[in-house]
file protein15.txt (compact mmCIF, C-alpha atoms)
# COMPACT_ATOMS: atom_id res chain seq x y z
CA MET A 836 134.52 67.46 -32.86
CA ARG A 837 136.93 65.84 -30.43
CA ARG A 838 136.04 68.35 -27.72
CA ALA A 839 132.32 67.67 -28.12
CA PHE A 840 132.99 63.93 -27.93
CA ILE A 841 134.94 64.36 -24.69
CA VAL A 842 132.14 66.42 -23.14
CA LEU A 843 129.59 63.80 -24.18
CA MET A 844 131.64 60.95 -22.75
CA ILE A 845 132.12 62.74 -19.43
CA SER A 846 128.40 63.44 -19.20
CA VAL A 847 127.46 59.86 -20.05
CA GLY A 848 130.10 58.52 -17.67
CA LEU A 849 128.94 60.60 -14.74
CA THR A 850 125.32 59.71 -15.41
CA GLY A 851 126.31 56.07 -15.49
CA LEU A 852 128.03 56.37 -12.11
CA VAL A 853 124.93 57.89 -10.57
CA LEU A 854 122.62 55.25 -12.01
CA ALA A 855 124.96 52.49 -10.90
CA GLU A 856 125.04 53.93 -7.39
CA GLU A 857 121.25 54.22 -7.22
CA GLY A 858 120.70 50.87 -8.92
CA VAL A 859 117.90 52.12 -11.20
CA LYS A 860 117.48 52.89 -14.86
CA LYS A 861 115.82 56.23 -15.58
CA ASN A 862 113.93 56.95 -18.76
CA ARG A 863 114.06 60.41 -20.25
CA LEU A 864 111.02 62.41 -19.24
CA ARG A 865 108.65 64.04 -21.67
CA PRO A 866 108.95 67.88 -21.64
CA TYR A 867 105.79 68.48 -19.58
CA GLU A 868 106.89 65.84 -17.04
CA PHE A 869 110.21 67.54 -16.26
CA GLY A 870 109.83 69.09 -12.80
CA MET A 871 106.61 67.20 -12.10
CA VAL A 872 106.21 66.35 -8.41
CA THR A 873 103.82 63.77 -6.94
CA ILE A 874 102.67 64.75 -3.44
CA SER A 875 101.13 61.70 -1.89
CA GLN A 876 101.91 61.21 1.80
CA ASN A 877 98.67 62.68 3.18
CA SER A 878 96.46 62.20 0.10
CA MET A 879 96.91 58.43 0.08
CA LYS A 880 96.10 58.21 3.78
CA ALA A 881 92.87 60.10 3.12
CA GLY A 882 91.95 57.73 0.29
CA ILE A 883 92.23 60.28 -2.53
CA SER A 884 94.52 60.55 -5.52
CA PRO A 885 97.94 62.18 -5.03
CA VAL A 886 98.50 65.79 -6.00
CA ILE A 887 100.34 66.27 -9.29
CA PHE A 888 102.34 69.50 -9.15
CA ASP A 889 103.75 70.98 -12.37
CA HIS A 890 106.74 73.25 -11.89
CA TRP A 891 106.51 74.59 -15.47
CA LEU A 892 103.07 76.06 -14.77
CA HIS A 893 104.11 77.83 -11.57
CA ARG A 894 107.58 78.94 -12.65
CA ALA A 895 105.99 80.83 -15.54
CA LYS A 896 104.21 82.96 -12.93
CA PHE A 897 106.27 83.05 -9.74
CA THR A 898 109.91 83.02 -8.65
CA CYS A 899 111.38 80.00 -6.91
CA ARG A 900 112.30 82.19 -3.94
CA LEU A 901 108.69 83.26 -3.37
CA CYS A 902 107.43 79.68 -3.04
CA HIS A 903 110.38 78.10 -1.27
CA LEU A 904 111.10 80.88 1.22
CA ASP A 905 108.20 83.28 1.68
CA ILE A 906 105.51 80.60 1.45
CA GLY A 907 107.69 77.87 2.97
CA PHE A 908 107.72 74.88 0.61
CA GLY A 909 110.69 72.56 1.15
CA MET A 910 113.15 72.05 -1.69
CA LYS A 911 112.70 68.29 -1.78
CA THR A 912 109.62 66.17 -2.42
CA GLY A 913 107.98 65.16 0.85
CA ALA A 914 109.91 67.73 2.91
CA THR A 915 106.77 69.79 3.54
CA ASN A 916 103.89 68.18 5.38
CA ILE A 917 101.11 69.81 3.32
CA ARG A 918 97.62 69.15 4.66
CA ALA A 919 94.18 70.26 3.46
CA ALA A 920 93.60 71.97 6.82
CA ASN A 921 96.69 74.13 6.29
CA ASN A 922 95.61 75.05 2.76
CA ILE A 923 92.16 76.06 4.03
CA ARG A 924 93.81 78.33 6.63
CA GLY A 925 95.80 80.08 3.89
CA PHE A 926 99.14 78.33 4.21
CA TYR A 927 101.20 76.54 1.53
CA CYS A 928 99.03 76.03 -1.58
CA GLY A 929 96.24 77.99 0.10
CA THR A 930 98.39 81.13 0.10
CA CYS A 931 97.36 81.71 -3.53
CA HIS A 932 94.73 79.03 -4.11
CA ASN A 933 92.08 80.65 -1.93
CA GLY A 934 89.42 81.64 -4.45
CA LYS A 935 90.32 85.32 -3.97
CA THR A 936 93.82 85.85 -5.36
CA THR A 937 93.93 87.07 -8.96
CA PHE A 938 96.62 86.49 -11.55
CA ALA A 939 96.44 87.99 -15.05
CA ASP A 940 92.90 89.23 -14.26
CA LYS A 941 91.79 85.69 -13.40
CA THR A 942 90.79 84.41 -9.96
CA VAL A 943 92.89 81.51 -8.73
CA PHE A 944 90.70 78.57 -7.70
CA ALA A 945 90.57 77.57 -4.03
CA ALA A 946 92.69 74.59 -3.03
CA CYS A 947 90.55 72.84 -0.43
CA SER A 948 87.15 73.00 1.30
CA LYS A 949 86.09 71.79 4.76
CA ASN A 950 82.90 70.10 3.54
CA PRO A 951 83.33 69.69 -0.22
CA SER A 952 80.19 69.63 -2.36
CA LYS A 953 79.90 67.79 -5.68
CA ASP A 954 81.19 70.90 -7.46
CA ASP A 955 84.06 71.12 -5.00
CA GLU A 956 85.00 67.51 -5.71
CA GLU A 957 85.36 68.33 -9.40
CA ARG A 958 87.64 71.21 -8.47
CA CYS A 959 89.70 68.87 -6.30
CA LYS A 960 90.59 66.87 -9.41
CA LYS A 961 92.52 69.83 -10.77
CA CYS A 962 95.26 68.94 -8.28
CA HIS A 963 94.41 65.45 -7.03
CA SER A 964 94.79 63.58 -10.28
CA THR A 965 97.21 61.09 -11.73
CA ASP A 966 95.30 61.13 -15.03
CA ARG A 967 97.37 63.16 -17.48
CA ASP A 968 94.57 63.07 -20.06
CA GLU A 969 92.31 65.17 -17.86
CA LYS A 970 91.68 68.60 -19.39
CA ARG A 971 93.76 71.25 -17.65
CA GLU A 972 93.16 75.00 -17.44
CA THR A 973 96.60 75.72 -18.88
CA ASP A 974 97.84 73.59 -21.76
CA PHE A 975 101.60 73.03 -21.75
CA LEU A 976 102.13 73.23 -25.51
CA ASN A 977 100.01 76.36 -25.85
CA LEU A 978 101.90 78.04 -23.01
CA ILE A 979 105.38 77.39 -24.42
CA GLU A 980 104.53 77.77 -28.11
CA LYS A 981 106.33 81.12 -28.53
CA PHE A 982 108.91 80.71 -25.77
CA PRO A 983 112.60 80.37 -26.71
CA LYS A 984 113.49 76.71 -26.99
CA GLU A 985 116.12 74.53 -25.37
CA ARG A 986 117.14 70.93 -26.02
CA LEU A 987 116.53 69.38 -22.62
CA GLY A 988 114.30 69.74 -19.57
CA ASN A 989 110.96 71.33 -20.47
CA GLY A 990 112.38 72.26 -23.87
CA VAL A 991 112.15 75.91 -22.78
CA ASP A 992 114.88 78.45 -22.12
CA TRP A 993 113.14 80.01 -19.09
CA GLU A 994 116.03 82.37 -18.46
CA LYS A 995 115.75 83.83 -21.97
CA ALA A 996 111.96 83.98 -21.72
CA GLU A 997 112.32 86.12 -18.60
CA GLU A 998 114.98 88.34 -20.21
CA LEU A 999 112.71 88.96 -23.20
CA GLY A 1000 109.78 89.86 -20.93
CA MET A 1001 107.70 86.92 -22.15
CA ILE A 1002 107.22 85.92 -18.54
CA LYS A 1003 107.39 88.20 -15.50
CA PRO A 1004 107.65 85.97 -12.42
CA ILE A 1005 106.13 87.54 -9.31
CA ASP A 1006 108.52 87.81 -6.35
CA PHE A 1007 106.35 89.54 -3.77
CA LEU A 1008 103.00 88.78 -2.14
CA GLU A 1009 101.40 91.40 0.07
CA GLY A 1010 101.10 90.18 3.65
CA ILE A 1011 103.43 87.23 2.98
CA SER A 1012 106.74 88.57 1.67
CA LEU A 1013 109.15 90.82 3.53
CA THR A 1014 110.49 93.94 1.85
CA LYS A 1015 114.21 93.34 1.38
CA PRO A 1016 116.92 95.93 0.68
CA PRO A 1017 118.68 95.44 -2.67
CA GLN A 1018 121.88 93.42 -2.50
CA LYS A 1019 125.10 94.21 -4.31
CA LEU A 1020 125.72 91.38 -6.75
CA GLN A 1021 129.06 89.81 -7.45
CA LYS A 1022 130.31 89.88 -11.01
CA ASP A 1023 130.28 86.69 -13.08
CA PHE A 1024 133.20 84.43 -12.22
CA THR A 1025 134.73 81.20 -13.44
CA LEU A 1026 134.97 77.83 -11.70
CA ASP A 1027 137.75 75.56 -12.87
CA SER A 1028 136.74 72.35 -14.60
CA LYS A 1029 138.19 69.18 -13.11
CA PHE A 1030 138.29 67.39 -16.48
CA GLU A 1031 140.83 68.02 -19.20
CA GLY A 1032 139.18 69.30 -22.38
CA MET A 1033 136.04 70.43 -20.56
CA PRO A 1034 135.49 74.24 -20.61
CA ASP A 1035 135.48 76.04 -17.28
CA ILE A 1036 132.16 77.06 -15.72
CA ILE A 1037 130.99 80.67 -15.92
CA PHE A 1038 128.72 81.35 -12.96
CA SER A 1039 126.36 84.33 -12.94
CA HIS A 1040 124.85 85.60 -9.68
CA LYS A 1041 122.67 87.99 -11.66
CA LYS A 1042 120.90 85.18 -13.55
CA HIS A 1043 120.33 83.16 -10.39
CA THR A 1044 119.07 86.01 -8.19
CA VAL A 1045 116.22 86.79 -10.62
CA TRP A 1046 114.64 83.48 -9.58
CA ASN A 1047 116.27 82.69 -6.24
CA GLY A 1048 117.36 85.91 -4.58
CA CYS A 1049 120.35 85.12 -2.37
CA GLU A 1050 118.46 83.15 0.26
CA VAL A 1051 117.64 80.01 -1.71
CA CYS A 1052 121.35 79.23 -2.14
CA HIS A 1053 122.89 80.73 1.03
CA PRO A 1054 123.48 79.54 3.70
CA LYS A 1055 122.21 76.25 2.25
CA PRO A 1056 123.30 74.42 0.18
CA PHE A 1057 126.26 76.81 -0.26
CA VAL A 1058 127.43 77.70 3.24
CA GLY A 1059 129.77 80.58 2.47
CA VAL A 1060 129.45 83.51 0.10
CA LYS A 1061 133.13 83.49 -0.79
CA LYS A 1062 134.17 81.63 -3.94
CA GLY A 1063 135.59 78.21 -3.07
CA SER A 1064 134.31 78.12 0.52
CA THR A 1065 131.97 75.19 -0.24
CA LYS A 1066 133.50 72.00 -1.63
CA TYR A 1067 131.47 69.68 -3.86
CA SER A 1068 131.90 67.24 -6.71
CA MET A 1069 130.12 66.49 -9.98
CA LEU A 1070 129.01 63.15 -8.54
CA GLU A 1071 127.28 64.98 -5.70
CA ILE A 1072 125.64 67.35 -8.18
CA PHE A 1073 124.38 64.40 -10.24
CA ASN A 1074 122.97 62.97 -7.01
CA GLY A 1075 120.82 66.08 -6.55
CA LYS A 1076 123.03 67.99 -4.13
CA PHE A 1077 124.41 71.54 -4.36
CA CYS A 1078 123.79 72.78 -7.95
CA GLY A 1079 121.91 69.53 -8.55
CA LEU A 1080 119.29 70.50 -5.97
CA CYS A 1081 117.66 72.58 -8.73
CA HIS A 1082 119.56 71.55 -11.86
CA TYR A 1083 118.35 67.98 -11.73
CA ASN A 1084 114.56 68.05 -11.68
CA VAL A 1085 113.45 71.67 -12.24
CA ALA A 1086 116.01 74.10 -13.70
CA PHE A 1087 117.77 72.99 -16.90
CA PRO A 1088 119.26 69.56 -16.20
CA VAL A 1089 122.91 68.89 -15.40
CA THR A 1090 123.16 66.74 -18.53
CA ASP A 1091 123.05 69.98 -20.56
CA CYS A 1092 126.77 70.46 -19.93
CA GLN A 1093 127.40 73.46 -22.18
CA ARG A 1094 124.91 75.66 -20.32
CA CYS A 1095 127.43 75.86 -17.46
CA HIS A 1096 130.74 74.75 -19.01
CA ARG A 1097 130.96 77.57 -21.54
CA LYS A 1098 134.23 79.44 -21.10
CA PRO A 1099 136.22 79.13 -24.37
CA ILE A 1100 139.25 76.88 -24.01
CA GLN A 1101 142.52 78.79 -24.50
CA ARG A 1102 144.90 77.15 -26.95

call {"tool": "encode", "arguments": {"input": "protein15.txt", "output": "structure tokens"}}
result
Amino acid sequence: MRRAFIVLMISVGLTGLVLAEEGVKKNRLRPYEFGMVTISQNSMKAGISPVIFDHWLHRAKFTCRLCHLDIGFGMKTGATNIRAANNIRGFYCGTCHNGKTTFADKTVFAACSKNPSKDDEERCKKCHSTDRDEKRETDFLNLIEKFPKERLGNGVDWEKAEELGMIKPIDFLEGISLTKPPQKLQKDFTLDSKFEGMPDIIFSHKKHTVWNGCEVCHPKPFVGVKKGSTKYSMLEIFNGKFCGLCHYNVAFPVTDCQRCHRKPIQR
């Protein structure tokens, strides 16, 4: 009981430091909102609604590495200057959303059109919409109904869902991805906790490479491949750096301490 209390206090304390530094109060997101990204820089200039991107929908189908390396999306909101013209030419969203690509025997709708008709404008609303009540092709609750559950984030244990074969994220697109030789993976290793009473971290390369390969993490944000070669702090992670680059808005959140800090404490 005491150990759990210590872990909770550390988590709350670190979160408090981050919020104090940023000067904002953040409400807990609803499960379908976790990982939601609003892409607005070019949409607003064109006088149309921003694009609402749901990570849960895409991560159930594709690996993170495929989108953020092969296709070229930046890891941070606004880092990629996505334009309709690029989508039409088959870049970024248009890589898959071209009206030709199929997934699960279903054709993926085209992202953008040069001279949109009335029907095209209705299709545009599938992405360009801030109205969460609009009917969507894939319903969040229906999708995750049988998936293994977790307490935080989307409420889904995506790692377990992949292990059980409930989802099979695609990691290769013909004509886009490069064929890569298999890499020898390091064994799981521990990272020492900096707080007394907090279990050490057990880090698994195997679990991360399913989604990220090696390239999403190396050489950025982790410069070296040798344990301990990159120095970082929990405050930096809570500010969305290093592990927090993913484990803040998309992968299970850093507030779920026991998912990482899980090595039994030796008495």

call {"tool": "atom_distance", "arguments": {"input": "protein15.txt", "atom1": "CA of Gln876 in chain A", "atom2": "CA of Gly913 in chain A"}}
result
7.3 Å

call {"tool": "atom_distance", "arguments": {"input": "protein15.txt", "atom1": "CA of His1043 in chain A", "atom2": "CA of Asn916 in chain A"}}
result
27.3 Å

call {"tool": "closest_residue", "arguments": {"input": "protein15.txt", "among": "A:Ile1037, A:Ile1005, A:Leu1013, A:Cys902", "to": "Thr930 in chain A", "atoms": "only C-alpha atoms"}}
result
A:Cys902

call {"tool": "closest_residue", "arguments": {"input": "protein15.txt", "among": "A:Cys962, A:Cys1095, A:Ala996, A:Leu904", "to": "Val872 in chain A", "atoms": "all atoms listed in the file"}}
result
A:Cys962

call {"tool": "closest_residue", "arguments": {"input": "protein15.txt", "among": "A:Asn1074, A:Arg986, A:Arg894, A:Arg924", "to": "Asp1006 in chain A", "atoms": "all atoms listed in the file"}}
result
A:Arg894

call {"tool": "residues_around", "arguments": {"input": "protein15.txt", "residues": "Trp891 in chain A", "least_positions_apart": "3", "cutoff": "9 Å", "atoms": "only C-alpha atoms", "output": "MDAnalysis selection string"}}
result
chainID A and resid 867:871 894:895 975 989 1085

call {"tool": "residues_around", "arguments": {"input": "protein15.txt", "residues": "range 977-982 of chain A", "least_positions_apart": "3", "cutoff": "8 Å", "atoms": "all atoms listed in the file", "output": "PDB file with C-alpha atoms, keeping the file's coordinate frame"}}
result
ATOM      1  CA  THR A 973      96.600  75.720 -18.880  1.00  0.00           C
ATOM      2  CA  ASP A 974      97.840  73.590 -21.760  1.00  0.00           C
ATOM      3  CA  VAL A 991     112.150  75.910 -22.780  1.00  0.00           C
ATOM      4  CA  ASP A 992     114.880  78.450 -22.120  1.00  0.00           C
ATOM      5  CA  TRP A 993     113.140  80.010 -19.090  1.00  0.00           C
ATOM      6  CA  ALA A 996     111.960  83.980 -21.720  1.00  0.00           C
ATOM      7  CA  MET A1001     107.700  86.920 -22.150  1.00  0.00           C
TER       8      MET A1001
END

call {"tool": "atom_distance", "arguments": {"input": "protein15.txt", "atom1": "CA of Asp1035 in chain A", "atom2": "CA of Pro1099 in chain A"}}
result
7.8 Å

call {"tool": "residues_around", "arguments": {"input": "protein15.txt", "residues": "Ile1011 in chain A", "least_positions_apart": "4", "cutoff": "8 Å", "atoms": "all atoms listed in the file", "output": "PDB file with C-alpha atoms, in the coordinates of the input"}}
result
ATOM      1  CA  ASP A 905     108.200  83.280   1.680  1.00  0.00           C
ATOM      2  CA  ILE A 906     105.510  80.600   1.450  1.00  0.00           C
ATOM      3  CA  PHE A1007     106.350  89.540  -3.770  1.00  0.00           C
TER       4      PHE A1007
END

call {"tool": "closest_residue", "arguments": {"input": "protein15.txt", "among": "A:Gly1048, A:Thr942, A:Gly1063, A:Lys961", "to": "Pro1016 in chain A", "atoms": "all atoms listed in the file"}}
result
A:Gly1048

call {"tool": "closest_residue", "arguments": {"input": "protein15.txt", "among": "A:Lys949, A:His1096, A:Lys1042, A:Lys1066", "to": "Glu997 in chain A", "atoms": "all atoms listed in the file"}}
result
A:Lys1042

call {"tool": "residues_near_point", "arguments": {"input": "protein15.txt", "point": "(118.8, 70.2, -13.8)", "cutoff": "12 Å", "atoms": "only C-alpha atoms", "output": "NGL selection string"}}
result
:A and (869-870 or 987-989 or 1072-1092 or 1094-1095)

call {"tool": "residues_around", "arguments": {"input": "protein15.txt", "residues": "Lys1062 in chain A", "least_positions_apart": "6", "cutoff": "12 Å", "atoms": "all atoms listed in the file", "output": "list in words"}}
result
Gln1021, Lys1022, Asp1023, Phe1024, Thr1025, Leu1026, Asp1027, Phe1038 and His1040 of chain A

call {"tool": "closest_residue", "arguments": {"input": "protein15.txt", "among": "A:Glu1050, A:Ser948, A:Phe1057, A:Gly990", "to": "Leu864 in chain A", "atoms": "all atoms listed in the file"}}
result
A:Gly990

call {"tool": "axis_aligned_box", "arguments": {"input": "protein15.txt", "around": "range 1048-1064 of chain A", "padding_each_side": "6 Å", "output": "JSON"}}
result
{"center_x": 126.5, "center_y": 80.2, "center_z": -0.4, "size_x": 30.2, "size_y": 23.5, "size_z": 20.3}

call {"tool": "decode", "arguments": {"input": "protein15.txt", "residues": "range 948-961 of chain A", "atoms": "N, CA, C and O atoms", "output": "PDB file, in the first residue's frame"}}
result
ATOM      1  N   SER A 948      -9.510  16.547 -53.948  1.00  0.00           N
ATOM      2  CA  SER A 948      -9.786  16.656 -55.385  1.00  0.00           C
ATOM      3  C   SER A 948      -9.431  18.064 -55.855  1.00  0.00           C
ATOM      4  O   SER A 948      -9.559  19.026 -55.095  1.00  0.00           O
ATOM      5  N   LYS A 949      -9.010  18.184 -57.113  1.00  0.00           N
ATOM      6  CA  LYS A 949      -8.652  19.501 -57.654  1.00  0.00           C
ATOM      7  C   LYS A 949      -9.866  20.412 -57.753  1.00  0.00           C
ATOM      8  O   LYS A 949      -9.833  21.571 -57.354  1.00  0.00           O
ATOM      9  N   ASN A 950     -10.944  19.902 -58.338  1.00  0.00           N
ATOM     10  CA  ASN A 950     -12.177  20.684 -58.480  1.00  0.00           C
ATOM     11  C   ASN A 950     -13.325  19.899 -57.843  1.00  0.00           C
ATOM     12  O   ASN A 950     -14.069  19.200 -58.545  1.00  0.00           O
ATOM     13  N   PRO A 951     -13.448  19.987 -56.528  1.00  0.00           N
ATOM     14  CA  PRO A 951     -14.421  19.144 -55.817  1.00  0.00           C
ATOM     15  C   PRO A 951     -15.866  19.431 -56.215  1.00  0.00           C
ATOM     16  O   PRO A 951     -16.290  20.585 -56.316  1.00  0.00           O
ATOM     17  N   SER A 952     -16.611  18.361 -56.471  1.00  0.00           N
ATOM     18  CA  SER A 952     -18.045  18.453 -56.746  1.00  0.00           C
ATOM     19  C   SER A 952     -18.792  18.452 -55.417  1.00  0.00           C
ATOM     20  O   SER A 952     -18.185  18.407 -54.337  1.00  0.00           O
ATOM     21  N   LYS A 953     -20.114  18.500 -55.471  1.00  0.00           N
ATOM     22  CA  LYS A 953     -20.920  18.447 -54.252  1.00  0.00           C
ATOM     23  C   LYS A 953     -20.665  17.149 -53.491  1.00  0.00           C
ATOM     24  O   LYS A 953     -20.562  17.132 -52.265  1.00  0.00           O
ATOM     25  N   ASP A 954     -20.565  16.042 -54.237  1.00  0.00           N
ATOM     26  CA  ASP A 954     -20.273  14.757 -53.593  1.00  0.00           C
ATOM     27  C   ASP A 954     -18.886  14.763 -52.963  1.00  0.00           C
ATOM     28  O   ASP A 954     -18.678  14.209 -51.881  1.00  0.00           O
ATOM     29  N   ASP A 955     -17.945  15.390 -53.644  1.00  0.00           N
ATOM     30  CA  ASP A 955     -16.589  15.485 -53.104  1.00  0.00           C
ATOM     31  C   ASP A 955     -16.578  16.285 -51.805  1.00  0.00           C
ATOM     32  O   ASP A 955     -15.849  15.952 -50.861  1.00  0.00           O
ATOM     33  N   GLU A 956     -17.369  17.337 -51.748  1.00  0.00           N
ATOM     34  CA  GLU A 956     -17.417  18.174 -50.553  1.00  0.00           C
ATOM     35  C   GLU A 956     -17.921  17.382 -49.346  1.00  0.00           C
ATOM     36  O   GLU A 956     -17.467  17.590 -48.217  1.00  0.00           O
ATOM     37  N   GLU A 957     -18.844  16.463 -49.582  1.00  0.00           N
ATOM     38  CA  GLU A 957     -19.314  15.613 -48.487  1.00  0.00           C
ATOM     39  C   GLU A 957     -18.199  14.690 -48.016  1.00  0.00           C
ATOM     40  O   GLU A 957     -18.064  14.425 -46.834  1.00  0.00           O
ATOM     41  N   ARG A 958     -17.401  14.209 -48.971  1.00  0.00           N
ATOM     42  CA  ARG A 958     -16.274  13.352 -48.615  1.00  0.00           C
ATOM     43  C   ARG A 958     -15.223  14.133 -47.832  1.00  0.00           C
ATOM     44  O   ARG A 958     -14.580  13.594 -46.926  1.00  0.00           O
ATOM     45  N   CYS A 959     -15.065  15.406 -48.166  1.00  0.00           N
ATOM     46  CA  CYS A 959     -14.091  16.246 -47.472  1.00  0.00           C
ATOM     47  C   CYS A 959     -14.361  16.301 -45.965  1.00  0.00           C
ATOM     48  O   CYS A 959     -13.437  16.384 -45.155  1.00  0.00           O
ATOM     49  N   LYS A 960     -15.648  16.244 -45.615  1.00  0.00           N
ATOM     50  CA  LYS A 960     -16.048  16.361 -44.211  1.00  0.00           C
ATOM     51  C   LYS A 960     -15.593  15.175 -43.374  1.00  0.00           C
ATOM     52  O   LYS A 960     -15.598  15.243 -42.146  1.00  0.00           O
ATOM     53  N   LYS A 961     -15.209  14.088 -44.034  1.00  0.00           N
ATOM     54  CA  LYS A 961     -14.709  12.938 -43.279  1.00  0.00           C
ATOM     55  C   LYS A 961     -13.429  13.294 -42.534  1.00  0.00           C
ATOM     56  O   LYS A 961     -13.134  12.718 -41.489  1.00  0.00           O
TER      57      LYS A 961
END
